[in-house]
>>> print(open('work_39.txt').read())   # compact mmCIF, C-alpha atoms
# COMPACT_ATOMS: atom_id res chain seq x y z
CA MET H 1 -10.98 -21.12 12.71
CA SER H 2 -8.00 -19.11 11.55
CA GLU H 3 -8.16 -15.37 11.91
CA SER H 4 -8.22 -13.31 8.74
CA LYS H 5 -5.76 -10.51 8.14
CA SER H 6 -6.45 -7.26 6.34
CA ILE H 7 -4.39 -4.83 4.33
CA MET H 8 -5.68 -1.55 2.98
CA ILE H 9 -4.14 0.12 -0.05
CA VAL H 10 -5.15 3.77 -0.17
CA GLY H 11 -4.30 6.50 -2.60
CA VAL H 12 -5.53 8.81 -5.27
CA GLY H 13 -6.98 7.78 -8.63
CA GLY H 14 -4.32 7.08 -11.24
CA GLN H 15 -1.56 6.07 -8.81
CA GLY H 16 -1.55 2.37 -9.62
CA SER H 17 -3.26 0.89 -6.57
CA LEU H 18 -4.90 -1.74 -8.80
CA LEU H 19 -1.53 -3.20 -9.85
CA ALA H 20 -0.35 -3.10 -6.23
CA SER H 21 -3.42 -5.06 -5.08
CA ARG H 22 -2.96 -7.56 -7.94
CA ILE H 23 0.65 -8.20 -6.89
CA LEU H 24 -0.38 -8.64 -3.25
CA GLY H 25 -3.30 -10.89 -4.23
CA ASN H 26 -0.98 -13.00 -6.38
CA VAL H 27 1.45 -13.45 -3.46
CA LEU H 28 -1.34 -14.53 -1.10
CA LEU H 29 -3.03 -16.91 -3.57
CA SER H 30 0.31 -18.51 -4.41
CA GLN H 31 0.75 -19.28 -0.69
CA GLY H 32 -2.64 -21.01 -0.45
CA TYR H 33 -4.66 -18.28 1.27
CA ASP H 34 -8.30 -17.53 0.56
CA VAL H 35 -8.23 -13.91 -0.63
CA LYS H 36 -10.93 -11.29 -1.17
CA VAL H 37 -10.08 -7.99 -2.84
CA SER H 38 -12.51 -5.10 -3.09
CA GLU H 39 -11.88 -1.72 -4.63
CA VAL H 40 -13.86 1.28 -3.45
CA HIS H 41 -13.66 4.54 -5.36
CA GLY H 42 -14.46 7.87 -3.78
CA MET H 43 -14.16 9.59 -7.13
CA SER H 44 -12.53 7.25 -9.56
CA GLN H 45 -11.23 9.93 -11.88
CA ARG H 46 -7.68 11.05 -11.25
CA GLY H 47 -7.45 12.93 -7.99
CA GLY H 48 -10.25 11.11 -6.16
CA SER H 49 -9.63 8.87 -3.15
CA VAL H 50 -9.31 5.17 -3.99
CA VAL H 51 -9.30 2.41 -1.36
CA THR H 52 -8.57 -1.26 -1.96
CA TYR H 53 -9.30 -3.78 0.79
CA VAL H 54 -7.35 -7.04 0.76
CA LYS H 55 -8.46 -9.67 3.27
CA TYR H 56 -6.89 -13.10 3.53
CA SER H 57 -7.04 -16.18 5.72
CA GLU H 58 -6.07 -19.84 5.81
CA GLY H 59 -9.81 -20.43 6.26
CA LYS H 60 -12.66 -18.89 4.29
CA VAL H 61 -12.92 -15.13 3.82
CA TYR H 62 -16.54 -14.07 3.44
CA SER H 63 -16.24 -10.34 3.02
CA PRO H 64 -13.39 -8.12 1.84
CA ILE H 65 -14.60 -5.08 3.77
CA VAL H 66 -12.22 -3.84 6.47
CA GLU H 67 -13.83 -2.21 9.51
CA LEU H 68 -12.41 0.54 11.74
CA GLY H 69 -9.50 -0.71 13.85
CA GLU H 70 -9.15 -3.91 11.80
CA ALA H 71 -6.33 -3.38 9.26
CA ASP H 72 -3.01 -5.08 10.00
CA ALA H 73 -1.30 -2.72 7.58
CA ILE H 74 -2.15 0.34 5.50
CA ILE H 75 -0.20 1.11 2.36
CA SER H 76 -0.72 4.74 1.41
CA PHE H 77 0.35 6.23 -1.89
CA GLU H 78 -0.06 9.75 -0.54
CA VAL H 79 0.37 11.45 2.85
CA LEU H 80 -3.14 12.88 3.36
CA GLU H 81 -4.70 9.51 2.47
CA ALA H 82 -2.68 7.92 5.30
CA ALA H 83 -4.23 10.41 7.73
CA ARG H 84 -7.70 9.85 6.28
CA TYR H 85 -7.62 6.08 6.94
CA VAL H 86 -5.43 5.83 10.07
CA SER H 87 -8.50 4.96 12.21
CA TYR H 88 -8.80 1.67 10.29
CA LEU H 89 -5.43 0.49 11.62
CA LYS H 90 -5.50 -2.07 14.42
CA LYS H 91 -3.42 -1.58 17.54
CA GLY H 92 0.14 -2.59 16.68
CA GLY H 93 -0.55 -2.30 12.94
CA LYS H 94 1.82 -0.59 10.54
CA ILE H 95 1.51 2.13 7.92
CA ILE H 96 3.77 2.45 4.90
CA VAL H 97 3.36 5.81 3.19
CA SER H 98 4.84 7.43 0.14
CA ASP H 99 5.71 11.00 1.17
CA GLN H 100 4.11 12.36 -2.01
CA GLN H 101 1.57 15.14 -1.49
CA ILE H 102 -1.27 15.51 -3.98
CA ASP H 103 -3.49 18.47 -3.31
CA PRO H 104 -7.16 17.50 -2.98
CA MET H 105 -9.81 19.69 -4.61
CA PRO H 106 -10.41 21.96 -1.53
CA VAL H 107 -6.68 22.80 -1.48
CA ILE H 108 -6.56 23.39 -5.25
CA THR H 109 -9.53 25.77 -5.05
CA GLY H 110 -8.05 27.58 -2.04
CA ALA H 111 -10.84 26.55 0.35
CA ALA H 112 -8.40 24.62 2.54
CA GLN H 113 -4.69 24.19 3.19
CA TYR H 114 -2.77 20.94 2.95
CA PRO H 115 -2.18 19.86 6.59
CA ALA H 116 1.41 20.09 7.82
CA ASP H 117 3.49 17.40 9.57
CA ILE H 118 1.02 14.56 8.93
CA VAL H 119 3.60 11.78 9.29
CA LYS H 120 4.95 13.26 12.54
CA LYS H 121 1.41 13.58 13.95
CA ILE H 122 0.68 9.92 13.15
CA ARG H 123 4.02 8.81 14.62
CA ASP H 124 3.36 10.90 17.77
CA LYS H 125 0.28 8.73 18.38
CA GLY H 126 2.64 5.78 18.83
CA ILE H 127 1.82 4.29 15.43
CA HIS H 128 4.51 2.45 13.45
CA ILE H 129 4.80 4.44 10.22
CA LEU H 130 7.41 4.13 7.51
CA ASP H 131 7.51 7.11 5.18
CA LEU H 132 9.58 6.84 2.07
CA ASP H 133 10.10 8.87 -1.05
CA ALA H 134 8.58 6.20 -3.29
CA LEU H 135 8.42 8.62 -6.22
CA SER H 136 12.18 9.30 -6.20
CA LEU H 137 12.93 5.60 -5.76
CA ALA H 138 10.63 4.80 -8.69
CA LYS H 139 12.38 7.42 -10.84
CA GLU H 140 15.70 5.87 -9.83
CA ALA H 141 14.34 2.50 -11.03
CA GLY H 142 13.40 4.08 -14.35
CA ASN H 143 9.82 5.40 -14.14
CA ALA H 144 7.88 7.48 -11.57
CA LYS H 145 4.83 5.27 -12.20
CA ALA H 146 6.60 2.36 -10.44
CA ALA H 147 6.08 4.02 -7.02
CA ASN H 148 3.32 1.45 -6.40
CA VAL H 149 5.84 -1.40 -6.78
CA VAL H 150 8.32 0.42 -4.52
CA LEU H 151 5.61 0.36 -1.84
CA MET H 152 5.05 -3.37 -2.42
CA GLY H 153 8.78 -3.87 -1.84
CA ALA H 154 8.49 -2.06 1.49
CA LEU H 155 5.39 -4.12 2.38
CA SER H 156 7.27 -7.36 1.66
CA ASN H 157 9.50 -6.62 4.68
CA ILE H 158 6.61 -6.86 7.13
CA MET H 159 4.97 -9.98 5.71
CA ASP H 160 6.28 -13.51 6.23
CA PHE H 161 6.74 -14.53 2.62
CA ASP H 162 9.98 -15.28 0.83
CA GLU H 163 11.32 -12.58 -1.47
CA GLN H 164 11.13 -15.01 -4.39
CA VAL H 165 7.36 -15.30 -3.93
CA TRP H 166 7.06 -11.52 -4.27
CA LEU H 167 9.33 -11.40 -7.31
CA GLY H 168 7.23 -14.14 -8.91
CA ALA H 169 4.11 -12.04 -8.31
CA VAL H 170 5.73 -8.96 -9.89
CA ARG H 171 6.70 -11.08 -12.90
CA ALA H 172 3.14 -12.43 -13.17
CA CYS H 173 1.45 -9.02 -12.95
CA VAL H 174 3.73 -6.59 -14.79
CA PRO H 175 3.97 -6.48 -18.62
CA GLN H 176 7.30 -7.81 -19.89
CA LYS H 177 8.49 -4.48 -21.31
CA PHE H 178 8.21 -2.83 -17.85
CA LEU H 179 9.41 -5.83 -15.87
CA GLU H 180 13.05 -4.91 -15.33
CA LEU H 181 12.34 -1.44 -13.96
CA ASN H 182 9.57 -2.80 -11.72
CA LEU H 183 11.86 -5.49 -10.29
CA LYS H 184 14.36 -2.71 -9.55
CA ALA H 185 11.60 -0.58 -7.97
CA PHE H 186 10.59 -3.54 -5.78
CA ASP H 187 14.19 -4.03 -4.67
CA LEU H 188 14.58 -0.32 -3.78
CA GLY H 189 11.37 -0.47 -1.73
CA ARG H 190 12.52 -3.65 0.00
CA LYS H 191 15.64 -1.83 1.21
CA ALA H 192 13.42 0.60 3.19
CA HIS H 193 12.89 -0.52 6.80
CA PHE H 194 10.92 0.62 9.82
CA ALA H 195 12.95 2.23 12.58
CA GLU H 196 12.89 -0.12 15.56
>>> encode(input="work_39.txt", output="structure tokens")
Amino acid sequence: MSESKSIMIVGVGGQGSLLASRILGNVLLSQGYDVKVSEVHGMSQRGGSVVTYVKYSEGKVYSPIVELGEADAIISFEVLEAARYVSYLKKGGKIIVSDQQIDPMPVITGAAQYPADIVKKIRDKGIHILDLDALSLAKEAGNAKAANVVLMGALSNIMDFDEQVWLGAVRACVPQKFLELNLKAFDLGRKAHFAE
């Protein structure tokens, strides 16, 4: 029986994690994998934590839920969300994080402070983490909302699928009028690499 692999996409409501998971799902299905995708909302309005589990295998996938220490990769749209879900990463797994900081409600109300040096603290644990300014790269591509596709470009570097497969998935999932800027966003994300 072939082992399933898991990817978690974590972020804050309104950041486009649904499109990211659709692109990833499209890539995996096109390569013949059995895929299960499950979206879990903490608070689905903008600002609440949103987690999408993507599990895939050459064999049958029975449940999309990812347990602690099981994720091969975590894609985080926001720094604090990366810290929140780091315990789900398996040993040797990788995190790709957009260095955007969105204050959660306790920080907005003044009850808490946004933690400092999150990426450094994760890296100091010996975890492979790639942090990139996905927002700036998305703006460079033509729209800040394309940060999700920038992150998919970065993810494509650590998965064994041809670039054309990814580009096909972007074309299949993105409306025509936004396609060119999203293809550019993907390319900018793909140029981001983990330090060896």
>>> closest_atom_pairs(input="work_39.txt", of="range 6-40 of chain H", to="range 175-182 of chain H", cutoff="12 Å", atoms="all atoms listed in the file", output="tab-separated table")
residue	atom	partner	partner_atom	distance
H:Leu19	CA	H:Pro175	CA	10.9
H:Ala20	CA	H:Asn182	CA	11.3
H:Ile23	CA	H:Asn182	CA	11.5
>>> closest_residue(input="work_39.txt", among="H:Ile127, H:Val165, H:Ala185, H:Ala154", to="Glu140 in chain H", atoms="all atoms listed in the file")
H:Ala185
>>> closest_residue(input="work_39.txt", among="H:Ile9, H:Tyr33, H:Glu58, H:Lys125", to="Ala71 in chain H", atoms="only C-alpha atoms")
H:Ile9
>>> atom_distance(input="work_39.txt", atom1="CA of Pro106 in chain H", atom2="CA of Leu18 in chain H")
25.4 Å
>>> closest_residue(input="work_39.txt", among="H:Ile102, H:Leu28, H:Leu68, H:Val37", to="Ser49 in chain H", atoms="only C-alpha atoms")
H:Ile102
>>> residues_around(input="work_39.txt", residues="Ile118 in chain H", least_positions_apart="3", cutoff="12 Å", atoms="only C-alpha atoms", output="PDB file with C-alpha atoms, keeping the file's coordinate frame")
ATOM      1  CA  GLU H  78      -0.060   9.750  -0.540  1.00  0.00           C
ATOM      2  CA  VAL H  79       0.370  11.450   2.850  1.00  0.00           C
ATOM      3  CA  LEU H  80      -3.140  12.880   3.360  1.00  0.00           C
ATOM      4  CA  GLU H  81      -4.700   9.510   2.470  1.00  0.00           C
ATOM      5  CA  ALA H  82      -2.680   7.920   5.300  1.00  0.00           C
ATOM      6  CA  ALA H  83      -4.230  10.410   7.730  1.00  0.00           C
ATOM      7  CA  ARG H  84      -7.700   9.850   6.280  1.00  0.00           C
ATOM      8  CA  VAL H  86      -5.430   5.830  10.070  1.00  0.00           C
ATOM      9  CA  VAL H  97       3.360   5.810   3.190  1.00  0.00           C
ATOM     10  CA  SER H  98       4.840   7.430   0.140  1.00  0.00           C
ATOM     11  CA  ASP H  99       5.710  11.000   1.170  1.00  0.00           C
ATOM     12  CA  GLN H 100       4.110  12.360  -2.010  1.00  0.00           C
ATOM     13  CA  GLN H 101       1.570  15.140  -1.490  1.00  0.00           C
ATOM     14  CA  TYR H 114      -2.770  20.940   2.950  1.00  0.00           C
ATOM     15  CA  PRO H 115      -2.180  19.860   6.590  1.00  0.00           C
ATOM     16  CA  LYS H 121       1.410  13.580  13.950  1.00  0.00           C
ATOM     17  CA  ILE H 122       0.680   9.920  13.150  1.00  0.00           C
ATOM     18  CA  ARG H 123       4.020   8.810  14.620  1.00  0.00           C
ATOM     19  CA  ASP H 124       3.360  10.900  17.770  1.00  0.00           C
ATOM     20  CA  LYS H 125       0.280   8.730  18.380  1.00  0.00           C
ATOM     21  CA  ILE H 129       4.800   4.440  10.220  1.00  0.00           C
ATOM     22  CA  ASP H 131       7.510   7.110   5.180  1.00  0.00           C
TER      23      ASP H 131
END
>>> atom_distance(input="work_39.txt", atom1="CA of Lys91 in chain H", atom2="CA of Gly126 in chain H")
9.6 Å
>>> atom_distance(input="work_39.txt", atom1="CA of Val66 in chain H", atom2="CA of Ser6 in chain H")
6.7 Å
>>> closest_residue(input="work_39.txt", among="H:Arg22, H:Glu70, H:Gly48, H:Val174", to="Met105 in chain H", atoms="all atoms listed in the file")
H:Gly48
>>> closest_residue(input="work_39.txt", among="H:Met152, H:Ala169, H:Ala73, H:Leu89", to="Ala134 in chain H", atoms="all atoms listed in the file")
H:Met152
>>> closest_residue(input="work_39.txt", among="H:Ala141, H:Val50, H:Ile74, H:Cys173", to="Val12 in chain H", atoms="all atoms listed in the file")
H:Val50
>>> residues_around(input="work_39.txt", residues="Lys60 in chain H", least_positions_apart="3", cutoff="10 Å", atoms="all atoms listed in the file", output="MDAnalysis selection string")
chainID H and resid 1:4 33:36 56:57 63
>>> residues_around(input="work_39.txt", residues="Leu155 in chain H", least_positions_apart="2", cutoff="9 Å", atoms="all atoms listed in the file", output="list in words")
Ala73, Ile75, Ile96, Val150, Leu151, Met152, Gly153, Asn157, Ile158, Met159, Gly189 and Arg190 of chain H
>>> decode(input="work_39.txt", residues="range 116-130 of chain H", atoms="all heavy atoms", output="mmCIF file, in the first residue's frame")
data_model
loop_
_atom_site.group_PDB
_atom_site.id
_atom_site.type_symbol
_atom_site.label_atom_id
_atom_site.label_comp_id
_atom_site.auth_asym_id
_atom_site.auth_seq_id
_atom_site.Cartn_x
_atom_site.Cartn_y
_atom_site.Cartn_z
ATOM 1 N N ALA H 116 7.283 38.252 18.420
ATOM 2 C CA ALA H 116 8.417 38.677 17.580
ATOM 3 C C ALA H 116 9.219 37.473 17.099
ATOM 4 O O ALA H 116 9.203 36.410 17.726
ATOM 5 C CB ALA H 116 9.320 39.601 18.393
ATOM 6 N N ASP H 117 9.928 37.654 16.005
ATOM 7 C CA ASP H 117 10.907 36.670 15.484
ATOM 8 C C ASP H 117 10.353 35.262 15.312
ATOM 9 O O ASP H 117 11.045 34.275 15.585
ATOM 10 C CB ASP H 117 12.144 36.600 16.408
ATOM 11 C CG ASP H 117 12.802 37.950 16.593
ATOM 12 O OD1 ASP H 117 12.827 38.721 15.623
ATOM 13 O OD2 ASP H 117 13.281 38.233 17.700
ATOM 14 N N ILE H 118 9.123 35.133 14.843
ATOM 15 C CA ILE H 118 8.507 33.806 14.715
ATOM 16 C C ILE H 118 9.291 32.911 13.756
ATOM 17 O O ILE H 118 9.589 31.757 14.066
ATOM 18 C CB ILE H 118 7.028 33.931 14.247
ATOM 19 C CG1 ILE H 118 6.181 34.562 15.358
ATOM 20 C CG2 ILE H 118 6.466 32.567 13.851
ATOM 21 C CD1 ILE H 118 4.742 34.856 14.957
ATOM 22 N N VAL H 119 9.641 33.453 12.589
ATOM 23 C CA VAL H 119 10.345 32.635 11.591
ATOM 24 C C VAL H 119 11.686 32.154 12.139
ATOM 25 O O VAL H 119 12.050 30.981 12.004
ATOM 26 C CB VAL H 119 10.527 33.411 10.262
ATOM 27 C CG1 VAL H 119 11.449 32.659 9.299
ATOM 28 C CG2 VAL H 119 9.159 33.650 9.603
ATOM 29 N N LYS H 120 12.416 33.055 12.805
ATOM 30 C CA LYS H 120 13.713 32.685 13.395
ATOM 31 C C LYS H 120 13.531 31.585 14.439
ATOM 32 O O LYS H 120 14.300 30.619 14.486
ATOM 33 C CB LYS H 120 14.364 33.919 14.016
ATOM 34 C CG LYS H 120 15.741 33.636 14.597
ATOM 35 C CD LYS H 120 16.324 34.858 15.277
ATOM 36 C CE LYS H 120 17.712 34.602 15.826
ATOM 37 N NZ LYS H 120 17.832 33.463 16.739
ATOM 38 N N LYS H 121 12.495 31.709 15.270
ATOM 39 C CA LYS H 121 12.255 30.696 16.319
ATOM 40 C C LYS H 121 11.954 29.326 15.703
ATOM 41 O O LYS H 121 12.396 28.300 16.215
ATOM 42 C CB LYS H 121 11.094 31.133 17.225
ATOM 43 C CG LYS H 121 11.494 32.246 18.184
ATOM 44 C CD LYS H 121 10.298 32.789 18.955
ATOM 45 C CE LYS H 121 10.708 33.988 19.794
ATOM 46 N NZ LYS H 121 9.576 34.845 20.147
ATOM 47 N N ILE H 122 11.194 29.321 14.601
ATOM 48 C CA ILE H 122 10.896 28.045 13.935
ATOM 49 C C ILE H 122 12.178 27.476 13.321
ATOM 50 O O ILE H 122 12.492 26.300 13.475
ATOM 51 C CB ILE H 122 9.795 28.229 12.854
ATOM 52 C CG1 ILE H 122 8.452 28.573 13.516
ATOM 53 C CG2 ILE H 122 9.658 26.969 11.994
ATOM 54 C CD1 ILE H 122 7.335 28.956 12.554
ATOM 55 N N ARG H 123 12.942 28.340 12.666
ATOM 56 C CA ARG H 123 14.198 27.899 12.027
ATOM 57 C C ARG H 123 15.184 27.379 13.079
ATOM 58 O O ARG H 123 15.905 26.404 12.838
ATOM 59 C CB ARG H 123 14.802 29.068 11.242
ATOM 60 C CG ARG H 123 15.931 28.668 10.323
ATOM 61 C CD ARG H 123 16.354 29.804 9.399
ATOM 62 N NE ARG H 123 15.464 29.928 8.254
ATOM 63 C CZ ARG H 123 14.915 31.069 7.850
ATOM 64 N NH1 ARG H 123 15.152 32.195 8.502
ATOM 65 N NH2 ARG H 123 14.148 31.098 6.791
ATOM 66 N N ASP H 124 15.211 28.019 14.245
ATOM 67 C CA ASP H 124 16.125 27.596 15.323
ATOM 68 C C ASP H 124 15.807 26.196 15.844
ATOM 69 O O ASP H 124 16.638 25.568 16.494
ATOM 70 C CB ASP H 124 16.101 28.609 16.476
ATOM 71 C CG ASP H 124 16.821 29.911 16.121
ATOM 72 O OD1 ASP H 124 17.506 29.947 15.075
ATOM 73 O OD2 ASP H 124 16.687 30.894 16.883
ATOM 74 N N LYS H 125 14.592 25.711 15.575
ATOM 75 C CA LYS H 125 14.232 24.336 15.965
ATOM 76 C C LYS H 125 14.734 23.321 14.942
ATOM 77 O O LYS H 125 14.446 22.134 15.040
ATOM 78 C CB LYS H 125 12.705 24.195 16.081
ATOM 79 C CG LYS H 125 12.095 24.939 17.241
ATOM 80 C CD LYS H 125 10.583 24.768 17.208
ATOM 81 C CE LYS H 125 9.940 25.516 18.367
ATOM 82 N NZ LYS H 125 8.476 25.563 18.240
ATOM 83 N N GLY H 126 15.443 23.817 13.922
ATOM 84 C CA GLY H 126 15.976 22.915 12.900
ATOM 85 C C GLY H 126 14.962 22.597 11.804
ATOM 86 O O GLY H 126 15.128 21.639 11.053
ATOM 87 N N ILE H 127 13.920 23.396 11.710
ATOM 88 C CA ILE H 127 12.873 23.163 10.711
ATOM 89 C C ILE H 127 13.202 23.940 9.437
ATOM 90 O O ILE H 127 13.615 25.092 9.493
ATOM 91 C CB ILE H 127 11.499 23.587 11.280
ATOM 92 C CG1 ILE H 127 11.108 22.642 12.424
ATOM 93 C CG2 ILE H 127 10.424 23.612 10.198
ATOM 94 C CD1 ILE H 127 9.919 23.108 13.235
ATOM 95 N N HIS H 128 13.026 23.267 8.298
ATOM 96 C CA HIS H 128 13.209 23.931 7.000
ATOM 97 C C HIS H 128 12.051 24.895 6.798
ATOM 98 O O HIS H 128 10.907 24.470 6.673
ATOM 99 C CB HIS H 128 13.173 22.910 5.858
ATOM 100 C CG HIS H 128 14.368 22.037 5.813
ATOM 101 N ND1 HIS H 128 15.608 22.481 5.417
ATOM 102 C CD2 HIS H 128 14.528 20.726 6.110
ATOM 103 C CE1 HIS H 128 16.473 21.492 5.476
ATOM 104 N NE2 HIS H 128 15.851 20.412 5.893
ATOM 105 N N ILE H 129 12.342 26.185 6.774
ATOM 106 C CA ILE H 129 11.281 27.172 6.549
ATOM 107 C C ILE H 129 11.743 28.180 5.506
ATOM 108 O O ILE H 129 12.878 28.662 5.561
ATOM 109 C CB ILE H 129 10.839 27.853 7.875
ATOM 110 C CG1 ILE H 129 9.667 28.824 7.621
ATOM 111 C CG2 ILE H 129 11.992 28.531 8.582
ATOM 112 C CD1 ILE H 129 8.945 29.271 8.890
ATOM 113 N N LEU H 130 10.906 28.415 4.535
ATOM 114 C CA LEU H 130 11.167 29.426 3.522
ATOM 115 C C LEU H 130 10.186 30.554 3.767
ATOM 116 O O LEU H 130 8.980 30.350 3.717
ATOM 117 C CB LEU H 130 10.945 28.832 2.119
ATOM 118 C CG LEU H 130 10.944 29.836 0.953
ATOM 119 C CD1 LEU H 130 12.337 30.431 0.752
ATOM 120 C CD2 LEU H 130 10.470 29.171 -0.332
#
